[in-house]
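Novice: I am attaching a structure below and will ask some questions about it afterwards.
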Amino acid sequence: MPLGQYKGTYQQPNIFGYYGNFGGAYIPEMLHRNVEELKNRYLQIMYDASFQKEFHDLLKNYVGRPTPLYLAQRLSKQFNTKIYLKREDLCHTGAHKINNTIGQILLAERLGKKRIIAETGAGQHGVATATVCALKGVECIVYMGEKDIERQAPNVARMKMLGATVIPATSGSKTLKDATNEAIRDWINNPGDTHYIIGSVVGPHPYPDMVARFQSVISEEIRRQLKEETGSEFPSHVLACVGGGSNAAGAFYHFLEEFNVQLVAIEAAGHGVDSGMSAATTQLGKPGVLHGSKSLVMQTEDGQVVEPHSISAGLDYPGIGPLHAHLYETGRAKFLSATDEDALKAAFNLAKLEGIIPALESAHALSALNQLSFKSSDVVVLCLSGRGDKDLATYMKAMEE
Ligand SMILES: *Cc1c(COP(=O)(O)O)cnc(C)c1O
């Protein structure tokens, strides 16, 4: 659909939770009550003055917001333009994910829920959830694939130290999608007292909209900070990596209706888009239903979900949030991809040029700088979604090779 013909707003799905052709709430009957309760109450709760005050106080004094918007001088010189890094890597727990978990724990409290469940792949969302549950003294259960528990021992230890119970998912491939199934089963069995904290702009309506709104603090700050720095609120480009799409949704949000701002989303190409080991959903996916919403999904001819691959656990997901499927379909955002190798190169480049070790996920966005051409007068903002401490073992291995 050509851009000019789309009359909706990118910032908000319709009342059924659709962004264009994507979204909705495809859930088992047993979850209807929980999701309906959330749908009927989330906006009213989120925009209540006492909620806003507590949310922003915690973002400031606990998370460490606003995060800096840093003009990366040596990186800018390399690309002969102006590049600002939005430093989500400096958030408490090391990534943007805590913006959302803070929001959802406050929401759960106001819904009267006493028990929190979450799913996690690499453990980053599990840690962010366990953190806010400790903060509020609420019971926390994190479902995690048995295979991921073995692969991600430090994050499992963090969750346990924070007081969470980590339950292994032992079915299927014993990874993220199986953990998600277990979490959904738990929610069905405990509809009254439990809130399910989903970690990205995925899941049934209203989750994608709710998570995008919590993460939108990223672009709210970018506009304010750019205005102070450059006199204009608007960059020429905003770049962000996309797994489910929450850091990108947050970084794009307040620019979605500003059509002079070029939005660029970067997916993980793994070993290469056509290698059979990739997570580049917009390139490989077809419309389908995954985890409660209709979106683009990597699947076989008969609709079986394909196991994705990426060197970065946070991008290793066979779907994409419905907002992003819509941004792709309407051409509002440009979608690029970066391979495992591209991302590693970009991570080492940033470390040497700027003294910042990025998360492997964020390194995919950095790598896309090589695929775009910039004018020297451009102002590029790149969302540095997380820090690289968690990826040190991968970086060490890369240095040996
Ligand atoms: C989880 C994660 C991502 C991917 O999730 P989105 O919802 O696409 O943002 C990206 N970067 C980091 C550092 C992460 O931890």
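To be explicit about the labels: the chains of the structure tokens are called A, B, and onward in the order shown, and within each one the residues are counted from 1, while ligands get numbers from 1 in the order they are shown.
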Taking only C-alpha atoms and all ligand atoms into account, report as an NGL selection string which residues have an atom no farther than 7 Å from an atom of ligand 1.
Specialist: :A and (95-97 or 124-125 or 199-201 or 241-248 or 314-315 or 359 or 361-362 or 385-387)
Novice: Any chance you can output those residues with all heavy atoms as a compact mmCIF listing (two decimals), in the first residue's frame?
Specialist:
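New file result.txt:
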# COMPACT_ATOMS: atom_id res chain seq x y z
N ALA A 95 19.53 -2.97 29.56
CA ALA A 95 18.82 -2.86 28.29
C ALA A 95 17.49 -2.13 28.50
O ALA A 95 17.08 -1.85 29.64
CB ALA A 95 18.57 -4.23 27.68
N HIS A 96 16.82 -1.87 27.38
CA HIS A 96 15.54 -1.16 27.38
C HIS A 96 14.41 -1.95 28.02
O HIS A 96 13.37 -1.40 28.35
CB HIS A 96 15.14 -0.84 25.94
CG HIS A 96 14.83 -2.08 25.15
ND1 HIS A 96 15.82 -2.97 24.76
CD2 HIS A 96 13.67 -2.62 24.72
CE1 HIS A 96 15.26 -3.98 24.12
NE2 HIS A 96 13.96 -3.80 24.07
N LYS A 97 14.57 -3.28 28.19
CA LYS A 97 13.44 -4.13 28.60
C LYS A 97 12.80 -3.69 29.91
O LYS A 97 11.61 -3.87 30.12
CB LYS A 97 13.89 -5.59 28.69
CG LYS A 97 14.10 -6.21 27.32
CD LYS A 97 14.06 -7.71 27.38
CE LYS A 97 14.06 -8.30 25.99
NZ LYS A 97 15.36 -8.12 25.30
N GLN A 124 17.00 -12.25 29.34
CA GLN A 124 17.03 -10.80 29.58
C GLN A 124 15.68 -10.29 30.09
O GLN A 124 15.63 -9.52 31.05
CB GLN A 124 17.40 -10.06 28.29
CG GLN A 124 18.80 -10.33 27.79
CD GLN A 124 19.85 -9.97 28.81
OE1 GLN A 124 20.47 -10.85 29.40
NE2 GLN A 124 20.05 -8.70 29.04
N HIS A 125 14.60 -10.73 29.44
CA HIS A 125 13.28 -10.30 29.90
C HIS A 125 12.95 -10.93 31.26
O HIS A 125 12.32 -10.30 32.10
CB HIS A 125 12.21 -10.67 28.87
CG HIS A 125 10.81 -10.40 29.34
ND1 HIS A 125 10.39 -9.15 29.76
CD2 HIS A 125 9.73 -11.23 29.48
CE1 HIS A 125 9.12 -9.23 30.13
NE2 HIS A 125 8.70 -10.47 29.98
N GLY A 199 7.26 -9.62 27.03
CA GLY A 199 8.48 -8.82 26.96
C GLY A 199 8.70 -8.02 25.70
O GLY A 199 9.71 -7.32 25.59
N SER A 200 7.80 -8.10 24.72
CA SER A 200 8.01 -7.29 23.52
C SER A 200 6.66 -6.85 22.96
O SER A 200 5.62 -7.13 23.58
CB SER A 200 8.80 -8.09 22.47
OG SER A 200 9.20 -7.23 21.41
N VAL A 201 6.67 -6.20 21.80
CA VAL A 201 5.40 -5.70 21.22
C VAL A 201 4.70 -6.81 20.44
O VAL A 201 4.33 -6.64 19.28
CB VAL A 201 5.63 -4.45 20.33
CG1 VAL A 201 5.89 -3.23 21.18
CG2 VAL A 201 6.78 -4.67 19.33
N CYS A 241 17.32 -2.21 16.01
CA CYS A 241 17.20 -3.64 15.69
C CYS A 241 15.80 -4.13 16.07
O CYS A 241 15.13 -3.53 16.91
CB CYS A 241 18.27 -4.44 16.44
SG CYS A 241 18.11 -4.44 18.22
N VAL A 242 15.39 -5.22 15.44
CA VAL A 242 14.06 -5.78 15.71
C VAL A 242 14.13 -7.28 15.98
O VAL A 242 14.58 -8.06 15.13
CB VAL A 242 13.10 -5.56 14.52
CG1 VAL A 242 11.79 -6.28 14.73
CG2 VAL A 242 12.84 -4.08 14.32
N GLY A 243 13.73 -7.67 17.19
CA GLY A 243 13.49 -9.08 17.49
C GLY A 243 11.98 -9.23 17.43
O GLY A 243 11.39 -9.52 16.40
N GLY A 244 11.31 -8.97 18.57
CA GLY A 244 9.86 -8.79 18.55
C GLY A 244 9.53 -7.37 18.12
O GLY A 244 8.52 -7.11 17.49
N GLY A 245 10.42 -6.45 18.50
CA GLY A 245 10.28 -5.07 18.02
C GLY A 245 10.03 -4.01 19.08
O GLY A 245 9.59 -2.92 18.74
N SER A 246 10.33 -4.29 20.37
CA SER A 246 9.95 -3.29 21.38
C SER A 246 10.89 -2.10 21.45
O SER A 246 10.44 -0.97 21.62
CB SER A 246 9.78 -3.93 22.75
OG SER A 246 11.00 -4.36 23.29
N ASN A 247 12.22 -2.32 21.30
CA ASN A 247 13.08 -1.13 21.35
C ASN A 247 12.87 -0.28 20.11
O ASN A 247 12.90 0.95 20.17
CB ASN A 247 14.55 -1.50 21.62
CG ASN A 247 15.37 -1.81 20.39
OD1 ASN A 247 16.00 -0.92 19.81
ND2 ASN A 247 15.38 -3.07 19.97
N ALA A 248 12.61 -0.94 18.97
CA ALA A 248 12.34 -0.19 17.74
C ALA A 248 11.02 0.57 17.87
O ALA A 248 10.93 1.75 17.51
CB ALA A 248 12.30 -1.13 16.54
N GLY A 314 18.36 -12.28 21.58
CA GLY A 314 17.22 -11.36 21.60
C GLY A 314 16.56 -11.18 20.24
O GLY A 314 15.44 -10.69 20.15
N LEU A 315 17.25 -11.54 19.17
CA LEU A 315 16.67 -11.39 17.83
C LEU A 315 16.24 -12.74 17.25
O LEU A 315 15.74 -12.82 16.13
CB LEU A 315 17.67 -10.72 16.88
CG LEU A 315 18.23 -9.37 17.32
CD1 LEU A 315 19.13 -8.78 16.23
CD2 LEU A 315 17.13 -8.38 17.67
N ALA A 359 25.44 -4.63 23.07
CA ALA A 359 24.81 -5.95 22.99
C ALA A 359 24.86 -6.40 21.54
O ALA A 359 24.84 -5.58 20.62
CB ALA A 359 23.36 -5.87 23.46
N GLU A 361 22.55 -7.68 19.84
CA GLU A 361 21.33 -7.22 19.18
C GLU A 361 21.55 -5.83 18.60
O GLU A 361 21.34 -5.60 17.41
CB GLU A 361 20.15 -7.18 20.18
CG GLU A 361 19.66 -8.53 20.66
CD GLU A 361 20.49 -9.10 21.81
OE1 GLU A 361 21.43 -8.41 22.27
OE2 GLU A 361 20.20 -10.23 22.26
N SER A 362 22.02 -4.91 19.45
CA SER A 362 22.26 -3.53 19.02
C SER A 362 23.30 -3.47 17.91
O SER A 362 23.25 -2.58 17.05
CB SER A 362 22.73 -2.68 20.20
OG SER A 362 22.07 -3.04 21.39
N SER A 385 20.28 -0.59 22.10
CA SER A 385 19.28 -1.19 22.99
C SER A 385 19.84 -1.81 24.26
O SER A 385 19.14 -1.89 25.26
CB SER A 385 18.47 -2.24 22.22
OG SER A 385 19.33 -3.20 21.63
N GLY A 386 21.12 -2.26 24.22
CA GLY A 386 21.65 -2.91 25.42
C GLY A 386 23.16 -2.98 25.41
O GLY A 386 23.81 -2.73 24.40
N ARG A 387 23.71 -3.36 26.56
CA ARG A 387 25.17 -3.44 26.69
C ARG A 387 25.65 -4.88 26.46
O ARG A 387 24.88 -5.83 26.54
CB ARG A 387 25.60 -2.91 28.05
CG ARG A 387 25.16 -3.74 29.23
CD ARG A 387 25.72 -3.15 30.55
NE ARG A 387 24.85 -2.09 31.06
CZ ARG A 387 24.36 -2.07 32.31
NH1 ARG A 387 24.66 -3.02 33.17
NH2 ARG A 387 23.57 -1.09 32.70
Novice: Within 9 Å of A:Pro358, counting only C-alpha atoms, which residues show up once you throw out same-chain ones fewer than 4 positions away? Write them as an NGL selection string, please.
Specialist: :A and (89 or 347-348 or 350-351 or 362-363 or 384-389 or 391)
Novice: How would the residues just picked look written out with C-alpha atoms as a PDB file, in the first residue's frame?
Specialist:
ATOM      1  CA  ASP A  89      22.552   0.184  27.396  1.00  0.00           C
ATOM      2  CA  ALA A 347      30.395  -4.560  17.747  1.00  0.00           C
ATOM      3  CA  PHE A 348      34.219  -4.605  17.616  1.00  0.00           C
ATOM      4  CA  LEU A 350      32.091   0.465  18.157  1.00  0.00           C
ATOM      5  CA  ALA A 351      34.189  -0.836  21.046  1.00  0.00           C
ATOM      6  CA  SER A 362      22.255  -3.533  19.021  1.00  0.00           C
ATOM      7  CA  ALA A 363      25.310  -4.431  16.917  1.00  0.00           C
ATOM      8  CA  LEU A 384      21.718   1.223  21.369  1.00  0.00           C
ATOM      9  CA  SER A 385      19.276  -1.187  22.988  1.00  0.00           C
ATOM     10  CA  GLY A 386      21.649  -2.906  25.422  1.00  0.00           C
ATOM     11  CA  ARG A 387      25.169  -3.443  26.693  1.00  0.00           C
ATOM     12  CA  GLY A 388      27.483  -6.257  25.713  1.00  0.00           C
ATOM     13  CA  ASP A 389      28.424  -7.796  29.079  1.00  0.00           C
ATOM     14  CA  ASP A 391      27.664 -11.419  25.145  1.00  0.00           C
TER      15      ASP A 391
END
Novice: Give me, as a list in words, all polymer residues having an atom no more than 10 Å from A:Phe214, counting only C-alpha atoms and skipping those fewer than 6 positions away in the same chain.
Specialist: Met46, Phe55, Lys97, Ile98, Asn99, Asn100, Thr101, Ile102, Gly103, Gln104, Ser246, Ala249 and Gly250 of chain A
Novice: Measuring between only C-alpha atoms, which one of A:Ser377, A:Asp342, A:Asp48, A:Asn21 shows the shortest distance to A:Leu296?
Specialist: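 Closest candidate: A:Asn21.
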Novice: Quick one: everything within 12 Å of A:Ser232, counting only C-alpha atoms, minus sequence neighbours fewer than 5 positions away in the same chain. Send it as a PyMOL selection string.
Specialist: chain A and resi 222-227+379
Novice: Suppose we keep all heavy atoms; can you now write the selection as a short mmCIF file (atom, residue, chain, number, x, y, z; two decimals), in the first residue's frame?
Specialist:
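Generated output (result.cif):
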data_model
loop_
_atom_site.label_atom_id
_atom_site.label_comp_id
_atom_site.auth_asym_id
_atom_site.auth_seq_id
_atom_site.Cartn_x
_atom_site.Cartn_y
_atom_site.Cartn_z
N ILE A 222 14.28 11.30 23.01
CA ILE A 222 15.11 11.66 21.85
C ILE A 222 14.68 13.02 21.31
O ILE A 222 15.52 13.88 21.02
CB ILE A 222 15.01 10.59 20.74
CG1 ILE A 222 15.64 9.27 21.19
CG2 ILE A 222 15.70 11.08 19.46
CD1 ILE A 222 15.41 8.10 20.21
N ARG A 223 13.37 13.24 21.17
CA ARG A 223 12.89 14.51 20.61
C ARG A 223 13.34 15.69 21.48
O ARG A 223 13.83 16.69 20.96
CB ARG A 223 11.36 14.51 20.49
CG ARG A 223 10.88 13.77 19.26
CD ARG A 223 9.38 13.76 19.13
NE ARG A 223 8.86 15.07 18.76
CZ ARG A 223 7.79 15.24 17.99
NH1 ARG A 223 7.14 14.20 17.49
NH2 ARG A 223 7.35 16.44 17.72
N ARG A 224 13.19 15.54 22.79
CA ARG A 224 13.57 16.61 23.71
C ARG A 224 15.08 16.86 23.66
O ARG A 224 15.55 17.99 23.59
CB ARG A 224 13.11 16.23 25.12
CG ARG A 224 13.08 17.37 26.09
CD ARG A 224 12.34 16.98 27.37
NE ARG A 224 13.05 15.97 28.14
CZ ARG A 224 12.50 14.83 28.57
NH1 ARG A 224 11.24 14.55 28.30
NH2 ARG A 224 13.22 13.95 29.26
N GLN A 225 15.84 15.76 23.67
CA GLN A 225 17.30 15.89 23.73
C GLN A 225 17.85 16.45 22.41
O GLN A 225 18.78 17.25 22.43
CB GLN A 225 17.92 14.53 24.05
CG GLN A 225 17.62 14.08 25.48
CD GLN A 225 17.95 12.60 25.71
OE1 GLN A 225 17.68 11.75 24.86
NE2 GLN A 225 18.53 12.29 26.87
N LEU A 226 17.28 16.02 21.28
CA LEU A 226 17.74 16.52 19.99
C LEU A 226 17.48 18.01 19.86
O LEU A 226 18.29 18.77 19.34
CB LEU A 226 17.02 15.81 18.84
CG LEU A 226 17.70 14.65 18.13
CD1 LEU A 226 16.88 14.30 16.90
CD2 LEU A 226 19.15 14.94 17.76
N LYS A 227 16.32 18.43 20.34
CA LYS A 227 15.95 19.84 20.30
C LYS A 227 16.99 20.67 21.06
O LYS A 227 17.46 21.70 20.58
CB LYS A 227 14.56 20.01 20.92
CG LYS A 227 14.11 21.44 21.08
CD LYS A 227 13.16 21.84 19.98
CE LYS A 227 12.71 23.28 20.21
NZ LYS A 227 12.32 23.94 18.98
N VAL A 379 21.18 13.85 10.36
CA VAL A 379 21.27 13.58 11.81
C VAL A 379 20.67 12.19 12.03
O VAL A 379 19.47 11.99 11.83
CB VAL A 379 20.51 14.64 12.62
CG1 VAL A 379 20.46 14.25 14.09
CG2 VAL A 379 21.17 16.01 12.46
#
Novice: I want to know what sits within 6 Å of stretch 154-159 of chain A, based on only C-alpha atoms, with residues of the same chain fewer than 4 positions away left out; could you give that as a list in words?
Specialist: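 Neighbouring residues, sequence-local ones excluded: Gly123, Val127, Ala130 and Ala164 of chain A.
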Novice: Please produce a file of those selected residues containing N, CA, C and O atoms, as a PDB file, in the first residue's frame.
Specialist:
ATOM      1  N   GLY A 123      16.934 -14.923  28.716  1.00  0.00           N
ATOM      2  CA  GLY A 123      16.898 -14.580  30.131  1.00  0.00           C
ATOM      3  C   GLY A 123      16.864 -13.086  30.397  1.00  0.00           C
ATOM      4  O   GLY A 123      16.684 -12.659  31.537  1.00  0.00           O
ATOM      5  N   VAL A 127      15.108 -11.550  33.639  1.00  0.00           N
ATOM      6  CA  VAL A 127      15.829 -10.762  34.649  1.00  0.00           C
ATOM      7  C   VAL A 127      15.114  -9.435  34.889  1.00  0.00           C
ATOM      8  O   VAL A 127      14.934  -9.021  36.043  1.00  0.00           O
ATOM      9  N   ALA A 130      12.045 -10.313  36.965  1.00  0.00           N
ATOM     10  CA  ALA A 130      12.403 -10.680  38.342  1.00  0.00           C
ATOM     11  C   ALA A 130      12.816  -9.447  39.140  1.00  0.00           C
ATOM     12  O   ALA A 130      12.517  -9.320  40.332  1.00  0.00           O
ATOM     13  N   ALA A 164      13.145 -15.033  42.027  1.00  0.00           N
ATOM     14  CA  ALA A 164      12.175 -15.632  41.116  1.00  0.00           C
ATOM     15  C   ALA A 164      12.301 -17.157  41.106  1.00  0.00           C
ATOM     16  O   ALA A 164      13.345 -17.707  41.434  1.00  0.00           O
TER      17      ALA A 164
END
Novice: Can you tell me, as a ChimeraX atom specification, what residues are no more than 7 Å from A:Arg87 when counting only C-alpha atoms, ignoring any on the same chain fewer than 6 positions away?
Specialist: /A:67-69,383-384
Novice: What is the distance between atom CA of A:Leu256 and atom CA of A:Arg65, in Å to one decimal?
Specialist: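 Those two atoms sit 22.3 Å apart.
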Novice: For stretch 277-283 of chain A, list every protein, DNA or RNA residue within 12 Å, evaluated using only C-alpha atoms, and leave out those in the same chain fewer than 3 positions away; present the list as a PDB file with C-alpha atoms, in the first residue's frame.
Specialist:
ATOM      1  CA  CYS A 241      17.205  -3.636  15.694  1.00  0.00           C
ATOM      2  CA  VAL A 242      14.056  -5.782  15.713  1.00  0.00           C
ATOM      3  CA  GLY A 243      13.494  -9.081  17.490  1.00  0.00           C
ATOM      4  CA  GLY A 244       9.859  -8.790  18.553  1.00  0.00           C
ATOM      5  CA  GLY A 245      10.280  -5.073  18.018  1.00  0.00           C
ATOM      6  CA  ALA A 265      14.443  -1.527  11.278  1.00  0.00           C
ATOM      7  CA  ILE A 266      17.207  -4.119  11.231  1.00  0.00           C
ATOM      8  CA  GLU A 267      16.516  -7.843  11.498  1.00  0.00           C
ATOM      9  CA  ALA A 268      18.945 -10.694  12.105  1.00  0.00           C
ATOM     10  CA  ALA A 269      19.991 -12.469   8.911  1.00  0.00           C
ATOM     11  CA  GLY A 270      21.892 -15.148  10.856  1.00  0.00           C
ATOM     12  CA  HIS A 271      24.126 -17.008   8.398  1.00  0.00           C
ATOM     13  CA  GLY A 272      22.400 -15.146   5.518  1.00  0.00           C
ATOM     14  CA  VAL A 273      18.747 -14.560   4.573  1.00  0.00           C
ATOM     15  CA  ASP A 274      18.669 -17.554   2.207  1.00  0.00           C
ATOM     16  CA  LYS A 286       4.148 -14.941   5.560  1.00  0.00           C
ATOM     17  CA  PRO A 287       0.972 -13.796   7.297  1.00  0.00           C
ATOM     18  CA  GLY A 288       0.095 -16.159  10.123  1.00  0.00           C
ATOM     19  CA  SER A 295       1.560 -10.953  11.877  1.00  0.00           C
ATOM     20  CA  LEU A 296       4.382 -12.066   9.614  1.00  0.00           C
ATOM     21  CA  VAL A 297       5.681 -15.440  10.746  1.00  0.00           C
ATOM     22  CA  MET A 298       8.476 -17.670   9.450  1.00  0.00           C
ATOM     23  CA  GLN A 299       6.661 -20.879   8.569  1.00  0.00           C
ATOM     24  CA  VAL A 305       6.689 -22.381  12.608  1.00  0.00           C
ATOM     25  CA  VAL A 306      10.293 -22.518  11.398  1.00  0.00           C
ATOM     26  CA  GLU A 307      13.085 -22.565  13.986  1.00  0.00           C
ATOM     27  CA  PRO A 308      14.957 -19.257  13.546  1.00  0.00           C
ATOM     28  CA  HIS A 309      18.675 -18.628  13.957  1.00  0.00           C
ATOM     29  CA  SER A 310      20.649 -15.607  15.103  1.00  0.00           C
ATOM     30  CA  ILE A 311      23.920 -15.196  17.005  1.00  0.00           C
ATOM     31  CA  SER A 312      21.992 -12.830  19.276  1.00  0.00           C
ATOM     32  CA  ALA A 313      19.406 -14.482  21.486  1.00  0.00           C
ATOM     33  CA  GLY A 314      17.222 -11.357  21.600  1.00  0.00           C
ATOM     34  CA  LEU A 315      16.666 -11.392  17.832  1.00  0.00           C
ATOM     35  CA  ASP A 316      16.227 -15.165  17.550  1.00  0.00           C
ATOM     36  CA  TYR A 317      12.430 -15.080  17.101  1.00  0.00           C
ATOM     37  CA  PRO A 318      10.353 -16.401  14.153  1.00  0.00           C
ATOM     38  CA  GLY A 319       7.810 -13.547  14.291  1.00  0.00           C
ATOM     39  CA  ILE A 320       7.636  -9.776  14.567  1.00  0.00           C
ATOM     40  CA  GLY A 321       5.168  -7.472  16.316  1.00  0.00           C
ATOM     41  CA  PRO A 322       2.053  -6.523  14.297  1.00  0.00           C
ATOM     42  CA  HIS A 324       6.239  -3.735  12.462  1.00  0.00           C
ATOM     43  CA  ALA A 325       4.485  -6.023   9.972  1.00  0.00           C
ATOM     44  CA  HIS A 326       2.310  -3.009   9.182  1.00  0.00           C
ATOM     45  CA  LEU A 327       5.278  -0.619   8.920  1.00  0.00           C
ATOM     46  CA  TYR A 328       6.824  -3.101   6.498  1.00  0.00           C
ATOM     47  CA  GLU A 329       3.700  -3.623   4.423  1.00  0.00           C
ATOM     48  CA  GLY A 331       6.615   1.026   3.472  1.00  0.00           C
ATOM     49  CA  ALA A 333       9.855   1.876   7.679  1.00  0.00           C
ATOM     50  CA  LYS A 334      12.730   0.457   5.691  1.00  0.00           C
ATOM     51  CA  PHE A 335      13.667  -3.104   6.719  1.00  0.00           C
ATOM     52  CA  LEU A 336      17.268  -4.253   6.434  1.00  0.00           C
ATOM     53  CA  SER A 337      19.076  -7.264   7.820  1.00  0.00           C
ATOM     54  CA  ALA A 338      22.549  -7.973   9.155  1.00  0.00           C
ATOM     55  CA  THR A 339      24.317 -11.339   9.406  1.00  0.00           C
ATOM     56  CA  ASP A 340      25.973 -12.777  12.522  1.00  0.00           C
ATOM     57  CA  HIS A 364      22.915  -5.488  14.138  1.00  0.00           C
TER      58      HIS A 364
END
Novice: Stretch 224-278 of chain A: which residues are strand (DSSP E or B) by DSSP, as a list in words?
Specialist: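 The residues of stretch 224-278 of chain A classed as strand (DSSP E or B) are His237, Val238, Leu239, Ala240, Cys241, Gln262, Leu263, Val264, Ala265, Ile266, Glu267, Ala268, Ala269 and Gly270 of chain A.
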Novice: If you keep C-alpha atoms, can you produce a file of those selected residues as a PDB file, in the first residue's frame?
Specialist:
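New file result_4.pdb:
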ATOM      1  CA  HIS A 237      16.984   8.722  10.345  1.00  0.00           C
ATOM      2  CA  VAL A 238      16.141   6.525  13.328  1.00  0.00           C
ATOM      3  CA  LEU A 239      17.709   3.055  13.371  1.00  0.00           C
ATOM      4  CA  ALA A 240      16.874   0.141  15.675  1.00  0.00           C
ATOM      5  CA  CYS A 241      17.205  -3.636  15.694  1.00  0.00           C
ATOM      6  CA  GLN A 262      13.280   7.797   7.763  1.00  0.00           C
ATOM      7  CA  LEU A 263      12.676   4.832  10.086  1.00  0.00           C
ATOM      8  CA  VAL A 264      15.026   1.875   9.632  1.00  0.00           C
ATOM      9  CA  ALA A 265      14.443  -1.527  11.278  1.00  0.00           C
ATOM     10  CA  ILE A 266      17.207  -4.119  11.231  1.00  0.00           C
ATOM     11  CA  GLU A 267      16.516  -7.843  11.498  1.00  0.00           C
ATOM     12  CA  ALA A 268      18.945 -10.694  12.105  1.00  0.00           C
ATOM     13  CA  ALA A 269      19.991 -12.469   8.911  1.00  0.00           C
ATOM     14  CA  GLY A 270      21.892 -15.148  10.856  1.00  0.00           C
TER      15      GLY A 270
END
Novice: Go through stretch 79-123 of chain A and flag each residue having an atom no more than 9 Å from stretch 141-144 of chain A; for those, report the closest pair of atoms plus their distance in Å to one decimal, using only C-alpha atoms, ordered by chain and rising number, as CSV.
Specialist:
residue,atom,partner,partner_atom,distance
A:Arg115,CA,A:Ile141,CA,8.0
A:Ile116,CA,A:Ile141,CA,6.2
A:Ile117,CA,A:Ile141,CA,4.8
A:Ala118,CA,A:Val142,CA,4.9
A:Glu119,CA,A:Tyr143,CA,4.7
A:Thr120,CA,A:Met144,CA,5.4
A:Gly121,CA,A:Met144,CA,6.3
A:Ala122,CA,A:Met144,CA,8.5
A:Gly123,CA,A:Met144,CA,7.8
Novice: Using all heavy atoms, can you write the selected residues to a file as an mmCIF file, in the first residue's frame?
Specialist:
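Saved file again_14.cif follows:
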data_model
loop_
_atom_site.group_PDB
_atom_site.id
_atom_site.type_symbol
_atom_site.label_atom_id
_atom_site.label_comp_id
_atom_site.auth_asym_id
_atom_site.auth_seq_id
_atom_site.Cartn_x
_atom_site.Cartn_y
_atom_site.Cartn_z
ATOM 1 N N ARG A 115 0.519 -12.180 41.624
ATOM 2 C CA ARG A 115 1.448 -13.183 41.128
ATOM 3 C C ARG A 115 1.788 -12.819 39.681
ATOM 4 O O ARG A 115 0.900 -12.510 38.895
ATOM 5 C CB ARG A 115 0.725 -14.534 41.193
ATOM 6 C CG ARG A 115 1.524 -15.744 40.831
ATOM 7 C CD ARG A 115 0.679 -16.994 41.151
ATOM 8 N NE ARG A 115 1.340 -18.167 40.620
ATOM 9 C CZ ARG A 115 1.184 -18.623 39.387
ATOM 10 N NH1 ARG A 115 0.360 -18.018 38.554
ATOM 11 N NH2 ARG A 115 1.845 -19.687 38.981
ATOM 12 N N ILE A 116 3.103 -12.848 39.362
ATOM 13 C CA ILE A 116 3.557 -12.475 38.017
ATOM 14 C C ILE A 116 4.165 -13.684 37.331
ATOM 15 O O ILE A 116 4.955 -14.427 37.934
ATOM 16 C CB ILE A 116 4.638 -11.358 38.105
ATOM 17 C CG1 ILE A 116 4.046 -10.076 38.685
ATOM 18 C CG2 ILE A 116 5.280 -11.105 36.733
ATOM 19 C CD1 ILE A 116 2.971 -9.417 37.861
ATOM 20 N N ILE A 117 3.801 -13.888 36.069
ATOM 21 C CA ILE A 117 4.474 -14.895 35.260
ATOM 22 C C ILE A 117 5.082 -14.227 34.034
ATOM 23 O O ILE A 117 4.620 -13.176 33.597
ATOM 24 C CB ILE A 117 3.525 -16.041 34.822
ATOM 25 C CG1 ILE A 117 2.326 -15.487 34.035
ATOM 26 C CG2 ILE A 117 3.056 -16.848 36.027
ATOM 27 C CD1 ILE A 117 1.467 -16.569 33.391
ATOM 28 N N ALA A 118 6.140 -14.849 33.519
ATOM 29 C CA ALA A 118 6.780 -14.342 32.303
ATOM 30 C C ALA A 118 7.445 -15.507 31.598
ATOM 31 O O ALA A 118 7.692 -16.553 32.208
ATOM 32 C CB ALA A 118 7.819 -13.274 32.639
ATOM 33 N N GLU A 119 7.702 -15.295 30.290
ATOM 34 C CA GLU A 119 8.494 -16.269 29.541
ATOM 35 C C GLU A 119 9.821 -15.593 29.223
ATOM 36 O O GLU A 119 9.903 -14.367 29.143
ATOM 37 C CB GLU A 119 7.778 -16.665 28.245
ATOM 38 C CG GLU A 119 8.006 -15.740 27.050
ATOM 39 C CD GLU A 119 7.474 -14.321 27.219
ATOM 40 O OE1 GLU A 119 6.520 -14.140 28.009
ATOM 41 O OE2 GLU A 119 8.020 -13.396 26.590
ATOM 42 N N THR A 120 10.871 -16.373 29.049
ATOM 43 C CA THR A 120 12.117 -15.750 28.626
ATOM 44 C C THR A 120 12.908 -16.705 27.739
ATOM 45 O O THR A 120 12.805 -17.924 27.896
ATOM 46 C CB THR A 120 12.939 -15.267 29.845
ATOM 47 O OG1 THR A 120 13.925 -14.335 29.422
ATOM 48 C CG2 THR A 120 13.596 -16.423 30.577
ATOM 49 N N GLY A 121 13.656 -16.139 26.799
ATOM 50 C CA GLY A 121 14.513 -16.950 25.926
ATOM 51 C C GLY A 121 15.917 -16.943 26.491
ATOM 52 O O GLY A 121 16.337 -17.849 27.197
ATOM 53 N N ALA A 122 16.630 -15.865 26.227
ATOM 54 C CA ALA A 122 18.011 -15.757 26.722
ATOM 55 C C ALA A 122 18.051 -15.387 28.192
ATOM 56 O O ALA A 122 19.081 -15.494 28.844
ATOM 57 C CB ALA A 122 18.752 -14.719 25.913
ATOM 58 N N GLY A 123 16.934 -14.923 28.716
ATOM 59 C CA GLY A 123 16.898 -14.580 30.131
ATOM 60 C C GLY A 123 16.864 -13.086 30.397
ATOM 61 O O GLY A 123 16.684 -12.659 31.537
#
Novice: Taking only C-alpha atoms into account, name the residue in A:Glu354, A:Asp209, A:Asp178, A:Asp378 that is nearest to A:Ile15.
Specialist: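 Counting only C-alpha atoms, the residue closest to A:Ile15 is A:Asp209.
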Novice: Write out as a PyMOL selection string all residues of stretch 133-256 of chain A that DSSP puts in helix (DSSP H, G or I) for this structure's backbone.
Specialist: chain A and resi 133-136+146-151+153-161+176-189+207-215+217-230+246-255
